[in-house]
Structure formats: C-alpha cells, structure tokens
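Asks: Hey, dropping query-v9.txt in here, compact mmCIF, C-alpha atoms:
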# COMPACT_ATOMS: atom_id res chain seq x y z
CA MET A 31 -19.58 272.03 140.70
CA ILE A 32 -19.05 275.62 139.73
CA GLU A 33 -21.17 276.89 136.88
CA PHE A 34 -19.32 279.03 134.36
CA THR A 35 -21.44 281.46 132.43
CA LEU A 36 -20.20 282.81 129.12
CA TRP A 37 -19.38 286.07 130.85
CA ASP A 38 -17.32 284.22 133.49
CA ILE A 39 -15.26 282.61 130.77
CA ILE A 40 -14.66 285.86 128.93
CA ARG A 41 -13.93 287.80 132.09
CA ASN A 42 -11.35 285.29 133.31
CA LEU A 43 -9.69 285.14 129.92
CA LEU A 44 -9.48 288.92 129.72
CA LEU A 45 -7.99 289.06 133.22
CA ALA A 46 -5.39 286.48 132.18
CA ALA A 47 -4.65 288.46 129.02
CA ARG A 48 -3.21 291.19 131.24
CA TRP A 49 -0.35 288.83 132.08
CA THR A 50 0.21 288.09 128.41
CA ILE A 51 0.42 291.82 127.71
CA LEU A 52 2.68 292.50 130.69
CA LEU A 53 5.02 289.65 129.79
CA SER A 54 5.19 290.81 126.16
CA ALA A 55 5.95 294.38 127.24
CA VAL A 56 8.63 293.41 129.74
CA ALA A 57 10.26 290.95 127.34
CA PHE A 58 10.21 293.53 124.53
CA ALA A 59 11.80 296.15 126.76
CA GLY A 60 14.40 293.68 128.06
CA GLY A 61 14.98 292.37 124.55
CA THR A 62 15.61 295.91 123.34
CA ILE A 63 18.29 296.54 125.97
CA VAL A 64 20.08 293.20 125.57
CA GLY A 65 19.50 293.35 121.82
CA LEU A 66 21.35 296.68 121.62
CA LEU A 67 24.32 295.12 123.40
CA ILE A 68 24.32 292.20 120.99
CA LEU A 69 23.98 294.63 118.08
CA PHE A 70 27.06 296.57 119.24
CA MET A 71 28.98 293.31 119.48
CA ARG A 72 27.71 292.16 116.10
CA ILE A 73 28.95 295.32 114.34
CA SER A 74 32.15 295.54 116.40
CA LYS A 75 35.44 295.70 114.53
CA ARG A 76 36.95 293.01 116.74
CA ARG A 77 36.59 289.70 114.98
CA TRP A 78 36.04 287.54 118.08
CA VAL A 79 33.40 289.85 119.53
CA GLN A 80 31.59 289.77 116.21
CA ARG A 81 31.86 285.99 116.12
CA PHE A 82 30.43 285.69 119.64
CA ALA A 83 27.37 287.77 118.69
CA GLU A 84 26.94 285.71 115.53
CA TYR A 85 26.90 282.46 117.52
CA TYR A 86 24.57 283.97 120.10
CA ILE A 87 22.08 284.93 117.40
CA GLY A 88 22.49 281.59 115.61
CA LEU A 89 21.92 279.68 118.84
CA PHE A 90 18.64 281.42 119.67
CA GLN A 91 17.37 281.36 116.10
CA GLY A 92 18.37 277.73 115.59
CA THR A 93 16.71 276.14 118.64
CA PRO A 94 13.06 276.02 119.72
CA LEU A 95 11.97 278.69 122.21
CA LEU A 96 10.32 275.92 124.22
CA MET A 97 13.73 274.26 124.76
CA GLN A 98 15.25 277.61 125.77
CA LEU A 99 12.51 278.02 128.36
CA PHE A 100 12.98 274.48 129.68
CA LEU A 101 16.74 274.96 129.96
CA LEU A 102 16.30 278.15 131.99
CA PHE A 103 13.54 276.69 134.11
CA PHE A 104 15.51 273.57 135.01
CA GLY A 105 19.01 274.96 134.61
CA LEU A 106 19.02 278.07 136.77
CA PRO A 107 18.04 276.24 139.99
CA LEU A 108 21.19 274.14 139.47
CA LEU A 109 23.21 277.33 139.78
CA GLY A 110 21.52 277.91 143.11
CA LEU A 111 19.04 280.51 141.84
CA ARG A 112 15.45 280.14 142.93
CA ILE A 113 13.38 280.37 139.83
CA GLU A 114 9.69 280.76 139.26
CA PRO A 115 7.75 280.48 136.02
CA TRP A 116 7.57 284.28 135.73
CA THR A 117 11.35 284.69 136.03
CA ALA A 118 12.09 281.93 133.55
CA ALA A 119 9.49 283.32 131.14
CA VAL A 120 10.84 286.87 131.25
CA LEU A 121 14.44 285.75 131.00
CA GLY A 122 13.79 283.29 128.18
CA LEU A 123 11.72 285.68 126.07
CA THR A 124 14.16 288.54 126.73
CA LEU A 125 17.17 286.54 125.53
CA CYS A 126 15.31 285.20 122.52
CA ALA A 127 13.98 288.67 121.62
CA SER A 128 17.45 290.18 121.95
CA ALA A 129 18.83 287.78 119.34
CA PHE A 130 16.05 288.49 116.84
CA LEU A 131 16.06 292.27 117.41
CA ALA A 132 19.86 292.47 117.10
CA GLU A 133 19.67 290.65 113.78
CA ILE A 134 16.88 292.92 112.50
CA TRP A 135 18.76 296.09 113.50
CA ARG A 136 22.04 294.81 112.09
CA GLY A 137 20.31 294.75 108.71
CA GLY A 138 19.43 298.41 109.25
CA VAL A 139 22.97 299.38 110.28
CA GLN A 140 24.40 297.67 107.23
CA ALA A 141 21.93 299.43 104.97
CA VAL A 142 23.22 302.85 106.11
CA PRO A 143 25.66 304.01 103.40
CA VAL A 144 29.35 303.93 104.40
CA GLY A 145 29.56 307.62 103.56
CA GLN A 146 27.52 308.36 106.68
CA TRP A 147 30.23 306.83 108.87
CA ASP A 148 32.90 308.74 106.95
CA ALA A 149 30.97 311.98 107.29
CA GLY A 150 30.64 311.35 111.02
CA SER A 151 34.35 310.83 111.52
CA SER A 152 35.20 313.83 109.36
CA LEU A 153 33.14 315.91 111.79
CA GLY A 154 35.41 314.64 114.54
CA LEU A 155 32.81 312.41 116.21
CA HIS A 156 34.14 309.32 117.92
CA TYR A 157 32.72 305.86 117.30
CA LEU A 158 29.97 305.87 119.93
CA LYS A 159 28.78 309.33 118.94
CA GLN A 160 28.72 308.35 115.27
CA LEU A 161 26.54 305.41 116.23
CA ARG A 162 24.24 307.35 118.49
CA LEU A 163 23.78 310.50 116.43
CA ILE A 164 24.08 309.31 112.85
CA ILE A 165 23.94 305.58 112.29
CA LEU A 166 21.41 304.21 114.78
CA PRO A 167 18.65 306.77 114.13
CA GLN A 168 18.76 305.89 110.44
CA ALA A 169 19.02 302.16 111.12
CA PHE A 170 16.02 302.23 113.48
CA ALA A 171 13.99 304.31 111.05
CA MET A 172 14.61 301.75 108.32
CA THR A 173 13.77 298.73 110.49
CA ARG A 174 10.64 300.03 112.15
CA ALA A 175 8.33 297.70 110.23
CA PRO A 176 10.20 294.42 110.97
CA THR A 177 10.61 295.51 114.60
CA VAL A 178 6.86 295.90 115.03
CA GLY A 179 6.45 292.63 113.12
CA PHE A 180 8.71 290.95 115.65
CA LEU A 181 6.63 292.34 118.52
CA VAL A 182 3.67 290.42 117.06
CA GLN A 183 5.80 287.29 117.00
CA LEU A 184 6.82 287.93 120.61
CA ILE A 185 3.22 288.29 121.79
CA LYS A 186 2.39 284.97 120.16
CA SER A 187 5.50 283.39 121.70
CA THR A 188 4.32 284.21 125.22
CA ALA A 189 1.81 281.37 124.74
CA LEU A 190 4.70 278.91 125.20
CA THR A 191 5.32 280.10 128.76
CA SER A 192 2.06 278.36 129.71
CA ILE A 193 3.98 275.08 129.31
CA ILE A 194 6.49 275.98 132.04
CA GLY A 195 3.60 276.98 134.28
CA PHE A 196 3.25 280.73 133.87
CA GLU A 197 -0.38 281.76 134.38
CA GLU A 198 -1.05 283.67 131.20
CA LEU A 199 -3.83 283.43 128.65
CA VAL A 200 -3.28 279.87 127.41
CA ARG A 201 -2.70 278.33 130.82
CA THR A 202 -5.81 279.99 132.17
CA SER A 203 -7.78 278.78 129.17
CA ASN A 204 -6.59 275.21 129.80
CA ALA A 205 -7.88 275.47 133.37
CA ILE A 206 -11.21 276.94 132.26
CA ASN A 207 -11.53 274.27 129.60
CA ASN A 208 -10.95 271.55 132.19
CA ALA A 209 -13.80 272.99 134.25
CA THR A 210 -16.28 273.73 131.47
CA PHE A 211 -15.48 271.09 128.81
CA GLU A 212 -16.14 273.63 126.11
CA PRO A 213 -12.82 273.69 124.24
CA PHE A 214 -14.31 275.02 121.02
CA LYS A 215 -15.67 278.08 122.74
CA VAL A 216 -12.74 278.62 125.14
CA TYR A 217 -9.93 278.28 122.60
CA GLY A 218 -12.01 280.23 120.11
CA PHE A 219 -12.15 283.16 122.50
CA VAL A 220 -8.46 282.82 123.28
CA ALA A 221 -7.67 283.00 119.57
CA LEU A 222 -9.90 286.06 119.32
CA ILE A 223 -8.08 287.83 122.16
CA TYR A 224 -4.68 287.14 120.60
CA PHE A 225 -6.05 288.34 117.28
CA ALA A 226 -7.29 291.56 118.87
CA LEU A 227 -3.83 292.14 120.33
CA CYS A 228 -1.82 291.26 117.23
CA PHE A 229 -3.89 292.38 114.28
CA PRO A 230 -3.62 296.16 114.92
CA LEU A 231 0.15 295.76 115.23
CA THR A 232 0.29 293.74 112.02
CA ARG A 233 -1.66 296.47 110.25
CA TYR A 234 0.65 299.11 111.71
CA ALA A 235 3.72 297.18 110.51
CA LYS A 236 2.21 296.91 107.04
CA MET A 237 1.53 300.65 107.01
CA LEU A 238 5.12 301.41 108.05
CA GLU A 239 6.37 299.10 105.31
CA LEU A 240 4.30 300.81 102.63
CA ARG A 241 5.37 304.21 103.88
CA ALA A 242 9.04 303.14 103.76
CA LEU A 243 8.59 301.96 100.17
CA LYS A 244 7.29 305.36 99.11
CA HIS A 245 10.44 307.15 100.30
CA MET B 222 26.66 271.86 147.65
CA GLY B 223 27.49 271.69 144.00
CA TYR B 224 25.44 269.97 141.39
CA VAL B 225 27.33 267.53 139.21
CA LEU B 226 26.16 267.12 135.65
CA ASP B 227 25.54 263.53 134.74
CA PHE B 228 25.27 262.25 131.19
CA GLY B 229 25.45 258.57 132.09
CA TRP B 230 21.84 258.00 130.97
CA LEU B 231 22.65 259.09 127.44
CA GLY B 232 23.74 255.67 126.20
CA ASP B 233 20.32 254.10 126.72
CA ALA B 234 18.52 257.21 125.49
CA VAL B 235 20.10 257.50 122.05
CA SER B 236 17.50 255.34 120.31
CA LEU B 237 14.61 257.25 121.91
CA ILE B 238 16.10 260.59 120.92
CA ALA B 239 16.70 259.30 117.39
CA SER B 240 13.11 258.09 117.02
CA GLY B 241 11.85 261.43 118.35
CA ALA B 242 14.03 263.29 115.86
CA ALA B 243 12.73 261.05 113.07
CA MET B 244 9.16 261.94 114.02
CA THR B 245 10.02 265.65 114.04
CA LEU B 246 11.55 265.34 110.57
CA PHE B 247 8.55 263.35 109.34
CA LEU B 248 6.14 266.02 110.59
CA ILE B 249 8.04 268.86 108.97
CA ALA B 250 8.53 266.96 105.71
CA VAL B 251 4.81 266.26 105.30
CA SER B 252 3.64 269.71 106.34
CA ALA B 253 6.28 271.52 104.27
CA VAL B 254 5.31 269.67 101.07
CA ALA B 255 1.57 270.04 101.74
CA GLY B 256 2.02 273.65 102.83
CA ILE B 257 3.94 274.66 99.71
CA VAL B 258 1.48 272.98 97.34
CA LEU B 259 -1.45 274.63 99.14
CA SER B 260 0.26 278.00 99.23
CA VAL B 261 0.79 277.95 95.44
CA LEU B 262 -2.96 277.45 95.15
CA GLY B 263 -3.54 280.08 97.82
CA ALA B 264 -1.29 282.64 96.14
CA ALA B 265 -2.96 281.98 92.79
CA GLY B 266 -6.37 282.29 94.45
CA ARG B 267 -5.39 285.57 96.00
CA ARG B 268 -4.80 286.90 92.50
CA SER B 269 -8.01 285.47 91.05
CA ARG B 270 -10.89 287.37 89.48
CA HIS B 271 -13.30 286.36 92.24
CA ALA B 272 -13.43 288.88 95.06
CA TRP B 273 -14.90 286.38 97.56
CA LEU B 274 -12.00 283.98 97.02
CA ARG B 275 -9.42 286.75 97.42
CA ARG B 276 -11.10 287.92 100.59
CA ALA B 277 -11.47 284.42 102.08
CA ILE B 278 -7.77 283.66 101.57
CA ALA B 279 -6.72 287.04 102.96
CA GLY B 280 -8.90 286.40 106.04
CA TYR B 281 -7.40 282.95 106.57
CA VAL B 282 -3.86 284.32 106.31
CA GLU B 283 -4.57 287.09 108.82
CA ILE B 284 -6.24 284.78 111.34
CA ILE B 285 -3.37 282.30 111.32
CA ARG B 286 -0.65 284.94 111.36
CA ASN B 287 -2.14 286.80 114.31
CA THR B 288 -2.75 283.88 116.67
CA PRO B 289 -0.21 281.59 118.39
CA PHE B 290 0.50 278.19 116.89
CA LEU B 291 -0.14 276.58 120.28
CA VAL B 292 -3.69 277.96 120.35
CA GLN B 293 -4.30 276.78 116.78
CA LEU B 294 -3.09 273.34 117.77
CA PHE B 295 -5.34 273.19 120.87
CA PHE B 296 -8.28 274.47 118.86
CA ILE B 297 -7.84 271.71 116.28
CA TYR B 298 -7.07 268.90 118.72
CA PHE B 299 -9.40 269.76 121.61
CA GLY B 300 -11.94 272.01 119.92
CA LEU B 301 -12.84 270.15 116.74
CA PRO B 302 -14.08 266.98 118.52
CA SER B 303 -17.05 269.02 119.78
CA LEU B 304 -18.01 269.40 116.12
CA GLY B 305 -17.69 265.63 115.77
CA ILE B 306 -14.23 265.74 114.13
CA ARG B 307 -11.92 263.62 116.24
CA LEU B 308 -8.31 263.52 115.10
CA ASP B 309 -5.35 261.36 115.96
CA PRO B 310 -2.58 263.48 117.60
CA VAL B 311 -0.23 263.00 114.64
CA VAL B 312 -2.95 263.97 112.15
CA ALA B 313 -3.91 266.99 114.26
CA ALA B 314 -0.26 268.04 114.44
CA ILE B 315 0.22 267.73 110.68
CA LEU B 316 -3.02 269.59 110.04
CA ALA B 317 -2.09 272.42 112.41
CA MET B 318 1.45 272.68 111.04
CA THR B 319 0.24 272.64 107.44
CA LEU B 320 -2.40 275.30 108.07
CA ASN B 321 0.14 277.48 109.88
CA MET B 322 2.84 276.96 107.27
CA THR B 323 0.44 277.69 104.40
CA ALA B 324 -0.54 281.08 105.79
CA TYR B 325 3.07 282.25 105.85
CA THR B 326 4.17 280.66 102.59
CA THR B 327 1.10 281.97 100.72
CA GLU B 328 2.49 285.46 101.31
CA ILE B 329 5.99 284.37 100.28
CA VAL B 330 4.85 282.59 97.11
CA GLY B 331 2.63 285.56 96.27
CA ALA B 332 5.59 287.92 96.50
CA GLY B 333 7.52 285.58 94.21
CA LEU B 334 4.75 285.50 91.63
CA ASP B 335 4.61 289.30 91.63
CA ALA B 336 8.38 289.44 91.12
CA VAL B 337 8.23 287.62 87.77
CA PRO B 338 8.21 290.26 85.00
CA LYS B 339 4.92 290.54 83.10
CA GLY B 340 6.78 290.18 79.82
CA GLN B 341 7.52 286.52 80.64
CA LYS B 342 3.83 285.72 80.75
CA GLU B 343 3.06 287.74 77.64
CA ALA B 344 5.89 286.12 75.71
CA ALA B 345 4.70 282.64 76.69
CA LEU B 346 1.10 283.44 75.73
CA ALA B 347 2.36 284.84 72.40
CA LEU B 348 4.09 281.50 71.79
CA GLY B 349 0.67 279.85 72.04
CA LEU B 350 0.92 278.25 75.50
CA ARG B 351 -2.31 277.92 77.45
CA SER B 352 -2.57 280.07 80.56
CA ARG B 353 -2.26 277.03 82.85
CA GLN B 354 0.92 275.95 81.06
CA VAL B 355 2.25 279.48 81.32
CA PHE B 356 1.70 279.42 85.07
CA ILE B 357 3.23 275.99 85.69
CA LYS B 358 6.09 276.07 83.21
CA ILE B 359 7.10 279.72 82.99
CA VAL B 360 5.95 281.81 85.94
CA LEU B 361 6.09 279.33 88.84
CA PRO B 362 9.68 278.07 88.33
CA GLN B 363 11.00 281.62 88.17
CA ALA B 364 8.98 282.61 91.25
CA LEU B 365 10.23 279.57 93.20
CA LYS B 366 13.79 280.53 92.48
CA VAL B 367 13.30 284.03 93.86
CA ILE B 368 11.55 282.91 97.03
CA PHE B 369 13.64 279.83 97.76
CA PRO B 370 15.69 281.40 100.59
CA ALA B 371 12.53 282.70 102.29
CA LEU B 372 10.83 279.31 101.97
CA THR B 373 13.87 277.61 103.47
CA SER B 374 13.78 279.93 106.49
CA GLN B 375 10.06 279.35 106.95
CA ILE B 376 10.49 275.57 106.88
CA VAL B 377 13.25 275.74 109.51
CA ILE B 378 11.13 278.05 111.71
CA MET B 379 8.20 275.64 111.45
CA MET B 380 10.45 272.71 112.36
CA LEU B 381 11.52 274.53 115.52
CA GLU B 382 7.98 275.49 116.33
CA SER B 383 6.85 271.88 116.00
CA ALA B 384 8.36 271.31 119.47
CA VAL B 385 4.97 272.49 120.71
CA VAL B 386 3.09 269.47 119.34
CA SER B 387 4.57 267.47 122.24
CA GLN B 388 1.73 269.09 124.19
CA ILE B 389 -0.85 266.89 122.46
CA ALA B 390 1.32 263.79 123.03
CA VAL B 391 2.82 263.40 119.57
CA ARG B 392 5.95 261.32 120.13
CA GLU B 393 8.41 263.74 118.60
CA LEU B 394 11.72 265.04 119.93
CA THR B 395 10.39 267.25 122.74
CA TYR B 396 7.93 264.60 123.91
CA GLU B 397 10.73 262.04 124.15
CA ALA B 398 12.76 264.59 126.11
CA ASP B 399 9.86 265.05 128.53
CA LEU B 400 9.62 261.29 129.03
CA LEU B 401 13.38 260.92 129.45
CA GLN B 402 13.72 263.64 132.07
CA ALA B 403 10.81 262.19 134.03
CA ARG B 404 12.65 258.86 134.11
CA THR B 405 16.21 260.05 134.74
CA PHE B 406 15.46 263.10 136.93
CA ARG B 407 18.14 264.83 134.86
CA ALA B 408 15.97 267.56 133.35
CA PHE B 409 18.70 270.06 132.55
CA GLU B 410 21.03 267.54 130.91
CA THR B 411 18.18 266.02 128.92
CA TYR B 412 16.92 269.32 127.54
CA PHE B 413 20.50 270.43 126.90
CA ILE B 414 21.20 267.40 124.71
CA VAL B 415 17.85 267.70 122.93
CA THR B 416 18.43 271.42 122.29
CA LEU B 417 21.73 270.50 120.62
CA VAL B 418 19.87 267.91 118.52
CA TYR B 419 17.42 270.62 117.42
CA LEU B 420 20.33 272.92 116.57
CA ALA B 421 21.92 270.19 114.47
CA LEU B 422 18.59 269.46 112.78
CA SER B 423 18.00 273.10 111.88
CA ILE B 424 21.53 273.57 110.52
CA GLY B 425 21.32 270.27 108.63
CA LEU B 426 17.85 270.98 107.25
CA ARG B 427 18.92 274.41 106.02
CA ARG B 428 22.03 272.96 104.31
CA LEU B 429 19.99 270.19 102.71
CA LEU B 430 17.36 272.58 101.38
CA VAL B 431 19.93 275.01 99.98
CA ALA B 432 21.86 272.16 98.36
CA SER B 433 18.75 270.67 96.77
CA GLY B 434 17.63 274.13 95.67
CA ASN B 435 20.93 274.61 93.88
CA ARG B 436 20.59 271.22 92.25
CA PHE B 437 16.98 271.30 91.11
CA LEU B 438 16.17 274.92 90.41
CA SER B 439 17.71 275.87 87.10
CA GLY B 440 20.69 278.16 87.40
CA GLY B 441 20.95 277.59 91.14
CA VAL B 442 19.88 279.73 94.02
CA SER B 443 21.89 282.84 94.57
Would you mind writing the structure in this file as structure tokens?
Replies:
Amino acid sequence: MIEFTLWDIIRNLLLAARWTILLSAVAFAGGTIVGLLILFMRISKRRWVQRFAEYYIGLFQGTPLLMQLFLLFFGLPLLGLRIEPWTAAVLGLTLCASAFLAEIWRGGVQAVPVGQWDAGSSLGLHYLKQLRLIILPQAFAMTRAPTVGFLVQLIKSTALTSIIGFEELVRTSNAINNATFEPFKVYGFVALIYFALCFPLTRYAKMLELRALKH
Amino acid sequence: MGYVLDFGWLGDAVSLIASGAAMTLFLIAVSAVAGIVLSVLGAAGRRSRHAWLRRAIAGYVEIIRNTPFLVQLFFIYFGLPSLGIRLDPVVAAILAMTLNMTAYTTEIVGAGLDAVPKGQKEAALALGLRSRQVFIKIVLPQALKVIFPALTSQIVIMMLESAVVSQIAVRELTYEADLLQARTFRAFETYFIVTLVYLALSIGLRRLLVASGNRFLSGGVS
C-alpha cells in the first residue's frame, strides 16, 4: 500500500487544481466569444433571431449543467465525433457560459440610454460601429461586477466535470480519498483550494459593484 | 453507419422518471422552506448588535458562496462520518442544499430588509408595537415582497443544482436517469428526456412561485 503524507495529498491536489484553472480559463474565453454572438442575436432587430437567442438562453438557464454535460458526452459520439472528457467539459461549460454571459451583457446594453444609439447614427456610424465604439464599451463597463461574479460561478461549475470523468480537482480528490480514507481532510483541502481561487474574485466583484454605485 | 434514436423504452420508464421527479421536488421543497426560514434569522443576525454573530454569519456566507456545491455535499456525506456524524443520503442532501441555499438567500433577504424605509419601523414603534412584532408584521412582509423575484430565481437554481445529489445515491431524477441508461444502453435518449423534464420542472416551479407570490403577498408581486 502506498503511504500518503499530508504533503503528498496537498501536492497532488494543487497539481490537479491546474486543470480546474485551465478549464475555467478556456471555458470563460470560449463563453465570451460565443456569448458575444448570442448577445448580438439577442439584441438583433429581427424578431426570429431574437427569439432564437431567447430560447437558447432559456434552455441553458433552465436545465442542470450536469445534464448538458451528459448530453454532450453521450450525444456527440452518436454524430460520429470522438469525444473525451476534456472536450465535453470545455464544450459544455463554454455553451453554458455563453448563455449566462449574453444575458448579463444584454442587461448592460439595455441600460445604455437610447440617445447613445441616436447620437451614433447621427454621426453617420453604421450599426456595427455604433455597437463597437459606443454601446458595447458602456455596456461592458456597467456589467463588470456581474461578469466577474459569473466567473466565480464558472470556476465552481468545473467541479461537475469530474462526474463525466475529467481529471480536475474533485475527481483527483475522490481518488486520493479512496486511497487514504481521510475524506474530512481531503475534501476540506479541496474546499480550501476552491475558496482560495474564488474568494479574491468575489472580493473584486464586490469592489467593482461598490465603485459602480458611487458613479 | 447511422445511429437511430430509439424511445421505445420510454413507456416502461415513465413511472421511474416520475418518482425521480417527485424526489427532486421533495428535496427542493424542504430545503427552500428551511433555507428561507434560516436566512431570515441569518439576515437578522447579520444586523445584530453582537459583532461575533455578524462575523460568524458573514464567514459562513463567504465559505459557502466560494466553494462548489458538489464539494460541500461530499464534505457532509463522506467527511462528517469521520467526526462520528453518519447521515442518510437524503438527509445529507437536504442538509447540503439547505446550507447552500441559506448562504445565498441570507444576502437576498438582507438586501430586502435594508430596502424597507426606516420610517416604517419608526411609525410601528410609535404605535406601541414591540420590536419583534415590528419585525414580523411590518418590516418582513414588505421585504419579502421586494425580494420575491430574486428568491424565486434562487429556488429554481437550487432545484437545477440538486441534480448533483445523484452522486451520493439519492434516488432523484438524475439518479433514475443514470439507472435507466445503464439498463437500456440508450444514454443520449435517456438524458435528453430527463433534461426536458428538468426544463418543464423549472418553468413550472417558476410559474407556481410567481402565482403564489401574487396571491399571498399583499398587493401582488410586480
């Protein structure tokens, strides 16, 4: 039997935490790109495009992330795509993040006064330029706090990818726990690592929120 | 070679899916009620005169909000037995869900309490009500009305997150789906149907909460 010292446990958990961080970063980046697309559709003037984005957001916000991951994990191979836990995890979290981010940013876009759009068109800017130069910078500035808040939620959500077999923090901790039979210690440390990742971001979001209130 | 979707197993599975959905609803009902009651106490405690109480509640809220629900669940179900506290899966699930729910709703209820104008409390005290009566009869109902939409969202989010408790073998909707797909070898179809059931549950739960909020909170929820 292999003896695990306290340091072994901590070291292995910290190594596994790299995957949690990487997955969060990739999913956040992917979610930003897809989320922007959904945002454009959500604020489009075409009714059916708008409707599609609404359903997309409603679908991801109205079903458990775990089910979304299962559907990708078992569904994509049916389409002939080889899929591994990492692919399913990235894809699932990206799609889910895009729905939440699009909805957050839509709130920002709607909070920009209509006069800003009018001013943009009176300067002769076309729709995309109005968005890029005038509307989106203001919308992003207003929604910085909830966006960081969502990043915290995303980091916590990566824990679910352990269930479809992705070797991140929780899955590694399950393995260590099965070898050491010290669940109190192991899951305690895991909680501590997540806390160390999330708490600074939570504080940062709070700071942004307070700063926004002052303006 | 194409894959043909097959839903032929669904007929026999309806009762299992229904009992799983019932368990999911039971879990969320119990933890939502317990969570809201506790969070009223928590929000009141956070505004108390005692600094240690304020700090303890703030610490609890931060710990829960900055760690994943799955880890909290494993800590309670697998970790607590080493302290001699052994819990049934259903009890562990309800405990974890309630603790998680309370951390979020404490913040929401707190915001609601702060939103009630001070004059309401002063007027009630001037009418000779005791401070406990003022809280229960004047401040709390007005706060609940303000925060009702946020509470509704939080309950729906928790219901969706409860899918995770299948991991400690609570026989709720996701657990039944796991069993079904192991028996039918139709994983995609099974999870597809169960995802639709979750979608229906979350839409239905939201409608139900909004309707009952309109009915029972004076003046309705705007």
Asks: With a distance cut-off of 12 Å and only C-alpha atoms, select the neighbouring residues of A:Leu238, excluding the residue or stretch itself and same-chain residues fewer than 2 positions from it, and output the selection as a compact mmCIF listing (two decimals) with C-alpha atoms, keeping the file's coordinate frame.
Replies:
# COMPACT_ATOMS: atom_id res chain seq x y z
CA ALA A 171 13.99 304.31 111.05
CA MET A 172 14.61 301.75 108.32
CA THR A 173 13.77 298.73 110.49
CA ARG A 174 10.64 300.03 112.15
CA ALA A 175 8.33 297.70 110.23
CA PRO A 176 10.20 294.42 110.97
CA THR A 177 10.61 295.51 114.60
CA VAL A 178 6.86 295.90 115.03
CA GLY A 179 6.45 292.63 113.12
CA LEU A 231 0.15 295.76 115.23
CA THR A 232 0.29 293.74 112.02
CA ARG A 233 -1.66 296.47 110.25
CA TYR A 234 0.65 299.11 111.71
CA ALA A 235 3.72 297.18 110.51
CA LYS A 236 2.21 296.91 107.04
CA LEU A 240 4.30 300.81 102.63
CA ARG A 241 5.37 304.21 103.88
CA ALA A 242 9.04 303.14 103.76
CA LEU A 243 8.59 301.96 100.17
CA LYS A 244 7.29 305.36 99.11
CA HIS A 245 10.44 307.15 100.30
Asks: Select, from A:Leu43, A:Cys126, A:Met237, A:Leu111, the residue with the minimum atom-to-atom distance to A:Pro94, counting all atoms listed in the file.
Replies: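 Selected residue with least distance to A:Pro94: A:Cys126.
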Asks: Find the residues around A:Leu95 up to 12 Å (only C-alpha atoms counted), leave out those fewer than 2 positions away in its own chain, and share them as a ChimeraX atom specification.
Replies: /A:89-93,97-102,118-119,121-127,129-130,183-184,186-191,193-194 /B:378-385,395,412,416,419-420
Asks: Give me, as an mmCIF file with C-alpha atoms, in the frame of the given file, the contact residues of chain B against chain A at a cut-off of 6 Å, counting all atoms listed in the file.
Replies:
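Dumped to selection-v5.cif:
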data_model
loop_
_atom_site.group_PDB
_atom_site.id
_atom_site.type_symbol
_atom_site.label_atom_id
_atom_site.label_comp_id
_atom_site.auth_asym_id
_atom_site.auth_seq_id
_atom_site.Cartn_x
_atom_site.Cartn_y
_atom_site.Cartn_z
ATOM 1 C CA ASN B 287 -2.140 286.800 114.310
ATOM 2 C CA THR B 288 -2.750 283.880 116.670
ATOM 3 C CA PRO B 289 -0.210 281.590 118.390
ATOM 4 C CA PHE B 296 -8.280 274.470 118.860
ATOM 5 C CA PHE B 299 -9.400 269.760 121.610
ATOM 6 C CA GLY B 300 -11.940 272.010 119.920
ATOM 7 C CA LEU B 381 11.520 274.530 115.520
ATOM 8 C CA PHE B 409 18.700 270.060 132.550
ATOM 9 C CA TYR B 419 17.420 270.620 117.420
ATOM 10 C CA LEU B 420 20.330 272.920 116.570
ATOM 11 C CA SER B 423 18.000 273.100 111.880
#
Asks: Provide the atom CA of B:Gly280 to atom CA of B:Ile359 distance in Å, to one decimal place.
Replies: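 Taking atom CA of B:Gly280 and atom CA of B:Ile359, their separation equals 28.8 Å.
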Asks: Any idea what's packed within 10 Å of B:Ile297, counting only C-alpha atoms, ignoring anything in its chain fewer than 6 positions away? Could you give it as a ChimeraX atom specification?
Replies: /A:213-214,217 /B:291,306-308,310,313-314,316-317
Asks: For stretch 265-278 of chain B, please output as an MDAnalysis selection string all residues within 9 Å (counting all atoms listed in the file; exclusion window: fewer than 3 positions along the same chain).
Replies: chainID B and resid 260:262 281:283 324 327 330:331 334
Asks: With a distance cut-off of 6 Å and all atoms listed in the file, select the neighbouring residues of B:Ala364, excluding the residue or stretch itself and same-chain residues fewer than 2 positions from it, and output the selection as number ranges by chain.
Replies: B: 333-334, 361-362, 366-367
Asks: Export C-alpha atoms of the chosen residues as an mmCIF file, keeping the file's coordinate frame?
Replies:
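Result file is selection.cif:
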data_model
loop_
_atom_site.group_PDB
_atom_site.id
_atom_site.type_symbol
_atom_site.label_atom_id
_atom_site.label_comp_id
_atom_site.auth_asym_id
_atom_site.auth_seq_id
_atom_site.Cartn_x
_atom_site.Cartn_y
_atom_site.Cartn_z
ATOM 1 C CA GLY B 333 7.520 285.580 94.210
ATOM 2 C CA LEU B 334 4.750 285.500 91.630
ATOM 3 C CA LEU B 361 6.090 279.330 88.840
ATOM 4 C CA PRO B 362 9.680 278.070 88.330
ATOM 5 C CA LYS B 366 13.790 280.530 92.480
ATOM 6 C CA VAL B 367 13.300 284.030 93.860
#
Asks: Check the smallest atom-to-atom distance from each of B:Thr411, B:Ser433, B:Ser387, B:Ser352 to B:Thr245 using all atoms listed in the file, then report the winner.
Replies: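 Of all the options, B:Ser387 lies closest to B:Thr245.
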Asks: Which residue gives the smallest distance to B:Val415 among B:Ala432, B:Ser236, B:Gln388, B:Glu397, with all atoms listed in the file counted?
Replies: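 Under the stated criterion, the closest residue is B:Glu397.
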Asks: In Å, how far is it from atom CA of B:Ile414 to atom CA of B:Ala398?
Replies: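 Separating atom CA of B:Ile414 from atom CA of B:Ala398 is a distance of 9.0 Å.
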Asks: In Å, how far is it from atom CA of A:Ser128 to atom CA of B:Gly256?
Replies: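 Taking atom CA of A:Ser128 as the start and atom CA of B:Gly256 as the end point, the length is 29.6 Å.
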Asks: Taking into account only C-alpha atoms, which residue in the set A:Trp37, A:Gln160, A:Gly65, A:Phe180 is nearest to A:Val144?
Replies: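 So, comparing all the options, the nearest one is A:Gln160.
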